[in-house]
>>> print(open('my_file_13.tsv').read())   # TSV, C-alpha atoms
chain	number	residue	atom	x	y	z
A	1	MET	CA	58.64	24.47	-49.28
A	2	ASN	CA	57.24	27.99	-49.62
A	3	GLU	CA	53.65	26.68	-49.50
A	4	SER	CA	54.48	24.60	-46.41
A	5	SER	CA	55.97	27.67	-44.73
A	6	ASN	CA	52.88	29.73	-45.60
A	7	ALA	CA	50.62	26.99	-44.25
A	8	ILE	CA	52.46	27.02	-40.91
A	9	LYS	CA	52.33	30.83	-40.67
A	10	GLU	CA	48.63	31.00	-41.55
A	11	GLY	CA	47.95	28.01	-39.30
A	12	VAL	CA	49.38	29.91	-36.34
A	13	LEU	CA	47.32	32.97	-37.31
A	14	PHE	CA	44.07	31.00	-37.61
A	15	LEU	CA	44.83	29.16	-34.39
A	16	GLY	CA	45.23	32.51	-32.61
A	17	ILE	CA	41.89	33.69	-34.02
A	18	TYR	CA	40.26	30.42	-32.92
A	19	PHE	CA	41.47	30.82	-29.32
A	20	LEU	CA	40.40	34.46	-29.29
A	21	LEU	CA	36.93	33.38	-30.39
A	22	ILE	CA	36.87	30.72	-27.64
A	23	LEU	CA	37.72	33.34	-25.00
A	24	SER	CA	35.03	35.67	-26.38
A	25	THR	CA	32.46	32.88	-26.40
A	26	LEU	CA	33.19	31.83	-22.82
A	27	PHE	CA	33.78	35.13	-21.05
A	28	ILE	CA	32.00	37.98	-22.88
A	29	PRO	CA	28.23	37.99	-22.22
A	30	PHE	CA	25.96	38.26	-25.28
A	31	VAL	CA	28.98	38.51	-27.63
A	32	GLY	CA	29.38	34.76	-27.17
A	33	LEU	CA	25.98	34.24	-28.82
A	34	LEU	CA	27.59	35.42	-32.08
A	35	THR	CA	31.15	34.14	-31.70
A	36	VAL	CA	29.95	30.56	-31.12
A	37	PHE	CA	28.94	30.52	-34.81
A	38	LEU	CA	32.35	31.90	-35.82
A	39	LEU	CA	34.38	29.16	-34.09
A	40	PRO	CA	34.52	26.78	-37.09
A	41	ILE	CA	35.43	29.54	-39.58
A	42	PRO	CA	39.24	29.55	-39.02
A	43	PHE	CA	39.29	25.84	-39.86
A	44	ILE	CA	37.00	26.39	-42.86
A	45	LEU	CA	39.23	29.08	-44.38
A	46	PHE	CA	42.44	27.19	-43.64
A	47	GLY	CA	41.05	23.87	-44.93
A	48	LYS	CA	39.72	25.39	-48.14
A	49	LYS	CA	43.12	26.85	-48.94
A	50	TYR	CA	45.48	24.08	-47.82
A	51	GLY	CA	43.41	20.88	-47.90
A	52	LEU	CA	42.35	18.13	-45.54
A	53	LYS	CA	45.68	16.91	-44.16
A	54	PRO	CA	47.02	20.33	-43.00
A	55	SER	CA	43.60	21.21	-41.52
A	56	LEU	CA	43.62	17.94	-39.54
A	57	TYR	CA	47.07	18.86	-38.21
A	58	LEU	CA	45.65	22.24	-37.19
A	59	LEU	CA	42.75	20.49	-35.45
A	60	LEU	CA	45.19	18.22	-33.61
A	61	VAL	CA	47.35	21.15	-32.45
A	62	SER	CA	44.28	23.06	-31.23
A	63	PHE	CA	43.13	19.95	-29.35
A	64	VAL	CA	46.50	19.45	-27.62
A	65	LEU	CA	46.72	23.12	-26.60
A	66	LEU	CA	43.18	23.09	-25.25
A	67	LEU	CA	43.92	19.81	-23.50
A	68	ILE	CA	46.76	21.53	-21.64
A	69	LEU	CA	44.75	24.67	-20.84
A	70	ALA	CA	41.27	23.30	-20.20
A	71	TYR	CA	40.73	19.54	-20.44
A	72	PRO	CA	36.91	19.33	-20.78
A	73	LEU	CA	36.79	22.11	-23.39
A	74	ALA	CA	39.36	20.33	-25.57
A	75	ILE	CA	36.98	17.46	-26.26
A	76	ILE	CA	33.80	19.52	-26.63
A	77	PHE	CA	35.25	22.28	-28.82
A	78	THR	CA	37.26	19.94	-31.04
A	79	ILE	CA	34.39	17.51	-31.64
A	80	THR	CA	31.79	20.24	-32.19
A	81	PHE	CA	33.46	23.26	-33.79
A	82	ALA	CA	36.88	22.30	-35.16
A	83	SER	CA	35.61	19.13	-36.84
A	84	THR	CA	32.70	21.03	-38.41
A	85	GLY	CA	35.14	23.59	-39.79
A	86	VAL	CA	37.42	20.89	-41.23
A	87	VAL	CA	34.51	19.14	-43.01
A	88	ILE	CA	33.02	22.33	-44.47
A	89	GLY	CA	36.47	23.60	-45.49
A	90	GLU	CA	37.26	20.35	-47.33
A	91	LEU	CA	33.88	20.40	-49.11
A	92	TYR	CA	34.53	24.00	-50.16
A	93	ARG	CA	37.97	22.97	-51.45
A	94	ARG	CA	36.33	20.25	-53.55
A	95	GLU	CA	33.97	22.92	-54.93
A	96	LYS	CA	30.85	21.10	-53.82
A	97	PRO	CA	27.50	22.91	-54.25
A	98	ALA	CA	26.13	24.81	-51.28
A	99	PHE	CA	23.48	22.25	-50.30
A	100	ALA	CA	26.05	19.42	-50.39
A	101	VAL	CA	28.25	21.50	-48.07
A	102	LEU	CA	25.24	22.07	-45.81
A	103	LEU	CA	24.55	18.33	-45.70
A	104	GLY	CA	28.15	17.54	-44.73
A	105	GLY	CA	28.24	20.29	-42.12
A	106	SER	CA	24.86	19.29	-40.67
A	107	LEU	CA	25.82	15.62	-40.35
A	108	THR	CA	29.05	16.62	-38.61
A	109	VAL	CA	27.24	18.85	-36.10
A	110	ILE	CA	24.54	16.23	-35.45
A	111	THR	CA	27.22	13.57	-34.90
A	112	ALA	CA	29.04	15.92	-32.52
A	113	LEU	CA	25.83	16.54	-30.55
A	114	ILE	CA	25.24	12.79	-30.23
A	115	VAL	CA	28.84	12.12	-29.14
A	116	ASN	CA	28.72	14.94	-26.57
A	117	PHE	CA	25.32	13.71	-25.37
A	118	ILE	CA	26.53	10.14	-24.86
A	119	GLY	CA	29.81	11.36	-23.33
A	120	SER	CA	27.93	13.50	-20.83
A	121	ILE	CA	25.86	10.51	-19.69
A	122	VAL	CA	28.68	7.95	-19.63
A	123	LEU	CA	31.58	10.06	-18.33
A	124	LEU	CA	29.84	12.72	-16.22
A	125	ASP	CA	26.65	10.86	-15.28
A	126	ILE	CA	24.67	13.91	-16.43
A	127	HIS	CA	21.70	13.53	-18.78
A	128	PRO	CA	21.63	16.88	-20.63
A	129	ILE	CA	17.95	16.74	-21.60
A	130	ARG	CA	16.82	15.78	-18.09
A	131	ALA	CA	18.99	18.57	-16.68
A	132	VAL	CA	17.27	21.05	-19.02
A	133	GLN	CA	13.89	19.62	-18.02
A	134	ASP	CA	14.68	20.15	-14.32
A	135	VAL	CA	15.68	23.77	-14.94
A	136	LEU	CA	12.59	24.48	-17.04
A	137	THR	CA	10.29	22.77	-14.51
A	138	ASP	CA	11.72	24.88	-11.67
A	139	SER	CA	11.25	27.99	-13.81
A	140	VAL	CA	7.61	27.09	-14.54
A	141	GLU	CA	6.90	26.42	-10.86
A	142	GLN	CA	8.44	29.76	-9.81
A	143	THR	CA	6.51	31.61	-12.50
A	144	GLU	CA	3.28	29.86	-11.46
A	145	SER	CA	3.69	30.98	-7.84
A	146	MET	CA	4.50	34.56	-8.91
A	147	LEU	CA	1.46	34.82	-11.22
A	148	ALA	CA	-0.97	33.19	-8.79
A	149	VAL	CA	-2.25	36.67	-7.86
A	150	PHE	CA	-3.53	37.18	-11.43
A	151	GLY	CA	-5.94	34.27	-11.23
A	152	ASP	CA	-6.01	30.62	-12.20
A	153	GLN	CA	-3.41	29.92	-14.91
A	154	GLN	CA	-3.40	26.17	-14.32
A	155	ALA	CA	-4.21	25.21	-17.93
A	156	THR	CA	-1.33	27.29	-19.29
A	157	PHE	CA	1.21	25.85	-16.91
A	158	GLU	CA	0.00	22.29	-17.50
A	159	ALA	CA	0.53	22.81	-21.24
A	160	ALA	CA	4.02	24.17	-20.57
A	161	GLN	CA	4.86	21.20	-18.34
A	162	GLU	CA	3.54	18.77	-20.96
A	163	LEU	CA	5.86	20.37	-23.54
A	164	ILE	CA	8.81	20.04	-21.13
A	165	ASP	CA	7.98	16.37	-20.56
A	166	GLN	CA	8.03	15.82	-24.34
A	167	LEU	CA	11.67	16.96	-24.64
A	168	ILE	CA	12.97	13.44	-24.02
A	169	VAL	CA	10.78	12.08	-26.82
A	170	ILE	CA	11.71	14.72	-29.40
A	171	THR	CA	15.46	14.72	-28.65
A	172	PRO	CA	16.37	13.23	-32.07
A	173	SER	CA	14.44	15.92	-33.97
A	174	LEU	CA	15.99	18.60	-31.75
A	175	PHE	CA	19.45	17.32	-32.65
A	176	ILE	CA	18.59	17.40	-36.35
A	177	LEU	CA	17.04	20.88	-36.29
A	178	ILE	CA	19.87	22.33	-34.18
A	179	GLY	CA	22.50	20.64	-36.37
A	180	VAL	CA	21.06	21.94	-39.64
A	181	ALA	CA	20.44	25.44	-38.26
A	182	PHE	CA	23.95	25.72	-36.79
A	183	ALA	CA	25.61	24.42	-39.96
A	184	PHE	CA	23.56	26.79	-42.12
A	185	ILE	CA	24.49	29.87	-40.06
A	186	VAL	CA	28.18	28.84	-39.98
A	187	GLN	CA	28.19	28.28	-43.74
A	188	TRP	CA	26.50	31.62	-44.39
A	189	LEU	CA	29.01	33.49	-42.20
A	190	ALA	CA	31.89	31.56	-43.78
A	191	SER	CA	30.77	32.53	-47.29
A	192	ILE	CA	30.65	36.20	-46.28
A	193	THR	CA	34.13	35.97	-44.71
A	194	ALA	CA	35.53	34.13	-47.74
A	195	ARG	CA	34.21	36.78	-50.15
A	196	MET	CA	35.75	39.51	-47.99
A	197	LEU	CA	39.09	37.67	-48.37
A	198	LYS	CA	38.57	37.41	-52.17
A	199	SER	CA	38.06	33.64	-52.00
A	200	GLU	CA	35.33	31.98	-54.08
A	201	VAL	CA	32.97	29.53	-52.38
A	202	SER	CA	29.65	28.02	-53.42
A	203	THR	CA	26.66	29.99	-52.20
A	204	PHE	CA	23.00	29.16	-51.73
A	205	PRO	CA	20.56	30.15	-54.48
A	206	PRO	CA	17.99	32.83	-53.54
A	207	LEU	CA	15.31	31.57	-51.16
A	208	ARG	CA	12.67	32.02	-53.88
A	209	GLU	CA	14.32	29.17	-55.82
A	210	TRP	CA	14.36	26.69	-52.94
A	211	SER	CA	12.09	23.67	-53.25
A	212	PHE	CA	11.86	20.27	-51.61
A	213	PRO	CA	11.03	17.00	-53.43
A	214	LYS	CA	7.30	16.48	-53.89
A	215	ALA	CA	7.48	13.25	-51.85
A	216	PHE	CA	7.77	15.39	-48.69
A	217	ILE	CA	4.09	16.31	-48.99
A	218	TRP	CA	3.14	12.64	-48.67
A	219	TYR	CA	5.44	12.13	-45.68
A	220	TYR	CA	3.83	15.15	-44.04
A	221	LEU	CA	0.27	13.97	-44.72
A	222	ILE	CA	1.02	10.47	-43.38
A	223	MET	CA	2.49	11.90	-40.16
A	224	TYR	CA	-0.46	14.29	-39.86
A	225	ILE	CA	-2.92	11.38	-40.12
A	226	PHE	CA	-1.06	9.56	-37.32
A	227	ILE	CA	-1.29	12.73	-35.19
A	228	LEU	CA	-5.05	12.95	-35.82
A	229	ILE	CA	-5.87	9.32	-35.08
A	230	GLY	CA	-3.47	9.22	-32.14
A	231	VAL	CA	-0.55	6.96	-31.35
A	232	ASP	CA	0.00	5.11	-28.08
A	233	GLU	CA	2.50	7.01	-25.97
A	234	GLY	CA	5.73	5.16	-25.26
A	235	THR	CA	5.65	3.10	-28.46
A	236	THR	CA	8.26	3.20	-31.22
A	237	MET	CA	5.70	4.65	-33.63
A	238	TYR	CA	4.95	7.45	-31.17
A	239	THR	CA	8.64	8.38	-31.07
A	240	ILE	CA	8.93	8.26	-34.87
A	241	VAL	CA	5.82	10.38	-35.49
A	242	TYR	CA	6.63	13.04	-32.91
A	243	ASN	CA	10.19	13.39	-34.22
A	244	LEU	CA	9.41	13.43	-37.93
A	245	PHE	CA	6.39	15.72	-37.71
A	246	PRO	CA	8.19	18.88	-36.44
A	247	ILE	CA	10.92	18.42	-39.05
A	248	LEU	CA	8.34	18.09	-41.85
A	249	GLU	CA	6.47	21.12	-40.49
A	250	MET	CA	9.70	23.11	-40.76
A	251	VAL	CA	10.11	21.87	-44.34
A	252	MET	CA	6.62	23.18	-45.19
A	253	VAL	CA	7.41	26.54	-43.56
A	254	ILE	CA	10.58	26.92	-45.65
A	255	GLN	CA	8.62	25.93	-48.78
A	256	GLY	CA	5.98	28.54	-47.91
A	257	LEU	CA	8.59	31.26	-47.37
A	258	ALA	CA	10.16	30.38	-50.73
A	259	LEU	CA	6.74	30.86	-52.35
A	260	ILE	CA	6.28	34.24	-50.63
A	261	PHE	CA	9.72	35.44	-51.77
A	262	PHE	CA	9.02	34.14	-55.29
A	263	PHE	CA	5.67	35.94	-55.47
A	264	PHE	CA	7.02	39.33	-54.39
A	265	HIS	CA	10.04	38.97	-56.67
A	266	LYS	CA	7.76	38.18	-59.61
A	267	LYS	CA	5.61	41.23	-58.80
A	268	LYS	CA	8.82	43.32	-58.55
A	269	ILE	CA	7.98	44.38	-54.99
A	270	HIS	CA	10.91	45.38	-52.77
A	271	ILE	CA	12.53	42.49	-50.90
A	272	ALA	CA	11.94	44.32	-47.60
A	273	VAL	CA	8.30	43.18	-47.75
A	274	PRO	CA	8.91	39.37	-47.74
A	275	ILE	CA	11.74	39.84	-45.23
A	276	SER	CA	9.28	41.66	-42.94
A	277	ILE	CA	6.84	38.76	-43.33
A	278	LEU	CA	9.66	36.37	-42.40
A	279	PHE	CA	10.43	38.26	-39.18
A	280	LEU	CA	6.74	38.63	-38.28
A	281	SER	CA	6.30	34.88	-38.76
A	282	VAL	CA	9.06	34.25	-36.23
A	283	LEU	CA	7.50	36.70	-33.75
A	284	PHE	CA	3.88	35.59	-34.20
A	285	PRO	CA	3.48	31.79	-34.41
A	286	PHE	CA	-0.03	32.01	-35.93
A	287	MET	CA	1.58	33.47	-39.07
A	288	LEU	CA	3.79	30.40	-39.33
A	289	TYR	CA	0.59	28.37	-39.61
A	290	LEU	CA	-0.44	30.41	-42.67
A	291	VAL	CA	3.06	30.17	-44.17
A	292	ARG	CA	2.99	26.40	-43.65
A	293	ILE	CA	-0.33	26.13	-45.52
A	294	LEU	CA	1.20	28.07	-48.42
A	295	GLY	CA	4.13	25.64	-48.40
A	296	ILE	CA	1.77	22.64	-48.54
A	297	ILE	CA	-0.15	24.17	-51.46
A	298	ASP	CA	3.06	25.06	-53.32
A	299	LEU	CA	4.58	21.61	-52.86
A	300	GLY	CA	1.35	19.75	-53.62
A	301	PHE	CA	0.19	21.78	-56.63
A	302	GLU	CA	3.52	23.24	-57.88
A	303	LEU	CA	2.11	26.74	-57.45
A	304	ARG	CA	5.32	28.52	-58.42
A	305	LYS	CA	5.45	26.73	-61.76
A	306	ARG	CA	1.83	27.71	-62.40
A	307	LEU	CA	2.54	31.34	-61.49
A	308	ASP	CA	5.65	31.33	-63.65
A	309	SER	CA	3.73	29.99	-66.64
A	310	ASN	CA	1.09	32.74	-66.40
A	311	LYS	CA	3.25	35.43	-67.99
>>> encode(input="my_file_13.tsv", output="structure tokens")
Amino acid sequence: MNESSNAIKEGVLFLGIYFLLILSTLFIPFVGLLTVFLLPIPFILFGKKYGLKPSLYLLLVSFVLLLILAYPLAIIFTITFASTGVVIGELYRREKPAFAVLLGGSLTVITALIVNFIGSIVLLDIHPIRAVQDVLTDSVEQTESMLAVFGDQQATFEAAQELIDQLIVITPSLFILIGVAFAFIVQWLASITARMLKSEVSTFPPLREWSFPKAFIWYYLIMYIFILIGVDEGTTMYTIVYNLFPILEMVMVIQGLALIFFFFHKKKIHIAVPISILFLSVLFPFMLYLVRILGIIDLGFELRKRLDSNK
């Protein structure tokens, strides 16, 4: 009875925090860019402590209240944020390793994106990707007219328009990358919050210890060969190649960053150096190319194992 009473009290508290985060996300500029990643955390903390059934009740109550206050938001926020929090919280409660939690969270977010995407088309007759394409195309056209005085920039704008046109094709990979990135950030913030509240959760190993299965190098090379020889646009193979390739490129970048962090750790050089390389790689895309090459070498030739054996 006492535990049930505590669950209700903490449920009300976490529900209040959740609604406060919703208000911050919707109405406070720039702050919302951070609070959107905090939205699942009340459900994560509550679910880890009290289990799946009480956290589902909390989700249901939040849905009903949002339904009364703002109908469209009830569906979007519950499907996307509350459900993600419930899944991650339950996986934490079961003491699953960090990467298993990330997998569950990522699949939940990706499913939510797909459901929202389909719902937008069916219920609102709005195609989200085409809407984004229209906005980006208008932006490119306005920028082109403004920069006309600086000379012919036709090639640049044609490349930008070609990238915009490709958004429809690469929608599946965008969903996957967004889903994994969002789940990772949420999980990272949740682990920090849990530790502050003296609650133990599984955490990721240091980046220098991350490594993907060696088979990924073969997937990457096969996709790269298809890119080189060319695939007929509009075919199923074209869609597969141009969705898998960016994901595999990201895998190689992460593998390369893991190698860089491993190398500097082994040489006992301050962690600020590899972190600086990480930020520079984000700012300057040509550095990502070099990092990706390092990832390919590490995955193909097990470079870290070779470095570790040369003691």
>>> atom_distance(input="my_file_13.tsv", atom1="CA of Pro42 (chain A)", atom2="CA of Leu66 (chain A)")
15.7 Å
>>> residues_around(input="my_file_13.tsv", residues="region 53-62 of chain A", least_positions_apart="2", cutoff="10 Å", atoms="all atoms listed in the file", output="mmCIF file with C-alpha atoms, keeping the file's coordinate frame")
data_model
loop_
_atom_site.group_PDB
_atom_site.id
_atom_site.type_symbol
_atom_site.label_atom_id
_atom_site.label_comp_id
_atom_site.auth_asym_id
_atom_site.auth_seq_id
_atom_site.Cartn_x
_atom_site.Cartn_y
_atom_site.Cartn_z
ATOM 1 C CA SER A 4 54.480 24.600 -46.410
ATOM 2 C CA ALA A 7 50.620 26.990 -44.250
ATOM 3 C CA ILE A 8 52.460 27.020 -40.910
ATOM 4 C CA GLY A 11 47.950 28.010 -39.300
ATOM 5 C CA VAL A 12 49.380 29.910 -36.340
ATOM 6 C CA PHE A 14 44.070 31.000 -37.610
ATOM 7 C CA LEU A 15 44.830 29.160 -34.390
ATOM 8 C CA GLY A 16 45.230 32.510 -32.610
ATOM 9 C CA TYR A 18 40.260 30.420 -32.920
ATOM 10 C CA PHE A 19 41.470 30.820 -29.320
ATOM 11 C CA PRO A 42 39.240 29.550 -39.020
ATOM 12 C CA PHE A 43 39.290 25.840 -39.860
ATOM 13 C CA ILE A 44 37.000 26.390 -42.860
ATOM 14 C CA LEU A 45 39.230 29.080 -44.380
ATOM 15 C CA PHE A 46 42.440 27.190 -43.640
ATOM 16 C CA GLY A 47 41.050 23.870 -44.930
ATOM 17 C CA LYS A 48 39.720 25.390 -48.140
ATOM 18 C CA LYS A 49 43.120 26.850 -48.940
ATOM 19 C CA TYR A 50 45.480 24.080 -47.820
ATOM 20 C CA GLY A 51 43.410 20.880 -47.900
ATOM 21 C CA VAL A 64 46.500 19.450 -27.620
ATOM 22 C CA LEU A 65 46.720 23.120 -26.600
ATOM 23 C CA LEU A 66 43.180 23.090 -25.250
ATOM 24 C CA LEU A 67 43.920 19.810 -23.500
ATOM 25 C CA ALA A 74 39.360 20.330 -25.570
ATOM 26 C CA PHE A 77 35.250 22.280 -28.820
ATOM 27 C CA THR A 78 37.260 19.940 -31.040
ATOM 28 C CA ILE A 79 34.390 17.510 -31.640
ATOM 29 C CA PHE A 81 33.460 23.260 -33.790
ATOM 30 C CA ALA A 82 36.880 22.300 -35.160
ATOM 31 C CA SER A 83 35.610 19.130 -36.840
ATOM 32 C CA GLY A 85 35.140 23.590 -39.790
ATOM 33 C CA VAL A 86 37.420 20.890 -41.230
ATOM 34 C CA VAL A 87 34.510 19.140 -43.010
ATOM 35 C CA GLY A 89 36.470 23.600 -45.490
ATOM 36 C CA GLU A 90 37.260 20.350 -47.330
#
>>> residues_near_point(input="my_file_13.tsv", point="(5.4, 15.1, -53.1)", cutoff="10 Å", atoms="all atoms listed in the file", output="number ranges by chain")
A: 212-221, 296, 299-302
>>> atom_distance(input="my_file_13.tsv", atom1="CA of Leu197 (chain A)", atom2="CA of Arg93 (chain A)")
15.1 Å
>>> closest_residue(input="my_file_13.tsv", among="A:Val135, A:Gln166, A:Phe204, A:Ser106", to="Glu233 (chain A)", atoms="only C-alpha atoms")
A:Gln166
>>> residues_near_point(input="my_file_13.tsv", point="(13.6, 41.7, -46.5)", cutoff="12 Å", atoms="all atoms listed in the file", output="PyMOL selection string")
chain A and resi 207+257+260-261+264-265+269-280
>>> closest_residue(input="my_file_13.tsv", among="A:Ala258, A:Ile168, A:Gly230, A:Ser173", to="Glu209 (chain A)", atoms="all atoms listed in the file")
A:Ala258
>>> atom_distance(input="my_file_13.tsv", atom1="CA of Thr35 (chain A)", atom2="CA of Ile185 (chain A)")
11.5 Å
>>> residues_around(input="my_file_13.tsv", residues="region 189-192 of chain A", least_positions_apart="3", cutoff="7 Å", atoms="all atoms listed in the file", output="list in words")
Ile41, Ile185, Val186, Arg195, Met196, Val201 and Thr203 of chain A
>>> residues_around(input="my_file_13.tsv", residues="Arg292 (chain A)", least_positions_apart="5", cutoff="6 Å", atoms="all atoms listed in the file", output="ChimeraX atom specification")
/A:252-253,256
>>> closest_residue(input="my_file_13.tsv", among="A:Val282, A:Ile178, A:Ile28, A:Val169", to="Tyr238 (chain A)", atoms="only C-alpha atoms")
A:Val169
>>> build_atoms(input="my_file_13.tsv", residues="region 210-224 of chain A", atoms="N, CA and C atoms", output="CSV table (one decimal), in the frame of the given file")
chain,number,residue,atom,x,y,z
A,210,TRP,N,14.3,27.9,-53.7
A,210,TRP,CA,14.4,26.7,-52.9
A,210,TRP,C,13.1,25.9,-53.1
A,211,SER,N,13.2,24.6,-53.2
A,211,SER,CA,12.1,23.7,-53.2
A,211,SER,C,12.5,22.3,-52.8
A,212,PHE,N,11.6,21.6,-52.1
A,212,PHE,CA,11.9,20.3,-51.6
A,212,PHE,C,11.2,19.3,-52.6
A,213,PRO,N,11.7,18.0,-52.6
A,213,PRO,CA,11.0,17.0,-53.4
A,213,PRO,C,9.6,16.9,-53.1
A,214,LYS,N,8.8,16.6,-54.1
A,214,LYS,CA,7.3,16.5,-53.9
A,214,LYS,C,6.9,15.4,-52.9
A,215,ALA,N,7.8,14.4,-52.8
A,215,ALA,CA,7.5,13.2,-51.8
A,215,ALA,C,7.3,13.7,-50.4
A,216,PHE,N,7.9,14.9,-50.1
A,216,PHE,CA,7.8,15.4,-48.7
A,216,PHE,C,6.3,15.7,-48.3
A,217,ILE,N,5.5,16.0,-49.3
A,217,ILE,CA,4.1,16.3,-49.0
A,217,ILE,C,3.4,15.1,-48.5
A,218,TRP,N,3.7,13.9,-49.1
A,218,TRP,CA,3.1,12.6,-48.7
A,218,TRP,C,3.6,12.2,-47.3
A,219,TYR,N,4.9,12.4,-47.0
A,219,TYR,CA,5.4,12.1,-45.7
A,219,TYR,C,4.7,13.0,-44.6
A,220,TYR,N,4.5,14.2,-45.0
A,220,TYR,CA,3.8,15.2,-44.0
A,220,TYR,C,2.4,14.7,-43.8
A,221,LEU,N,1.7,14.4,-44.9
A,221,LEU,CA,0.3,14.0,-44.7
A,221,LEU,C,0.1,12.7,-43.9
A,222,ILE,N,1.0,11.7,-44.1
A,222,ILE,CA,1.0,10.5,-43.4
A,222,ILE,C,1.2,10.7,-41.9
A,223,MET,N,2.2,11.6,-41.6
A,223,MET,CA,2.5,11.9,-40.2
A,223,MET,C,1.3,12.6,-39.5
A,224,TYR,N,0.7,13.5,-40.4
A,224,TYR,CA,-0.5,14.3,-39.9
A,224,TYR,C,-1.6,13.4,-39.5
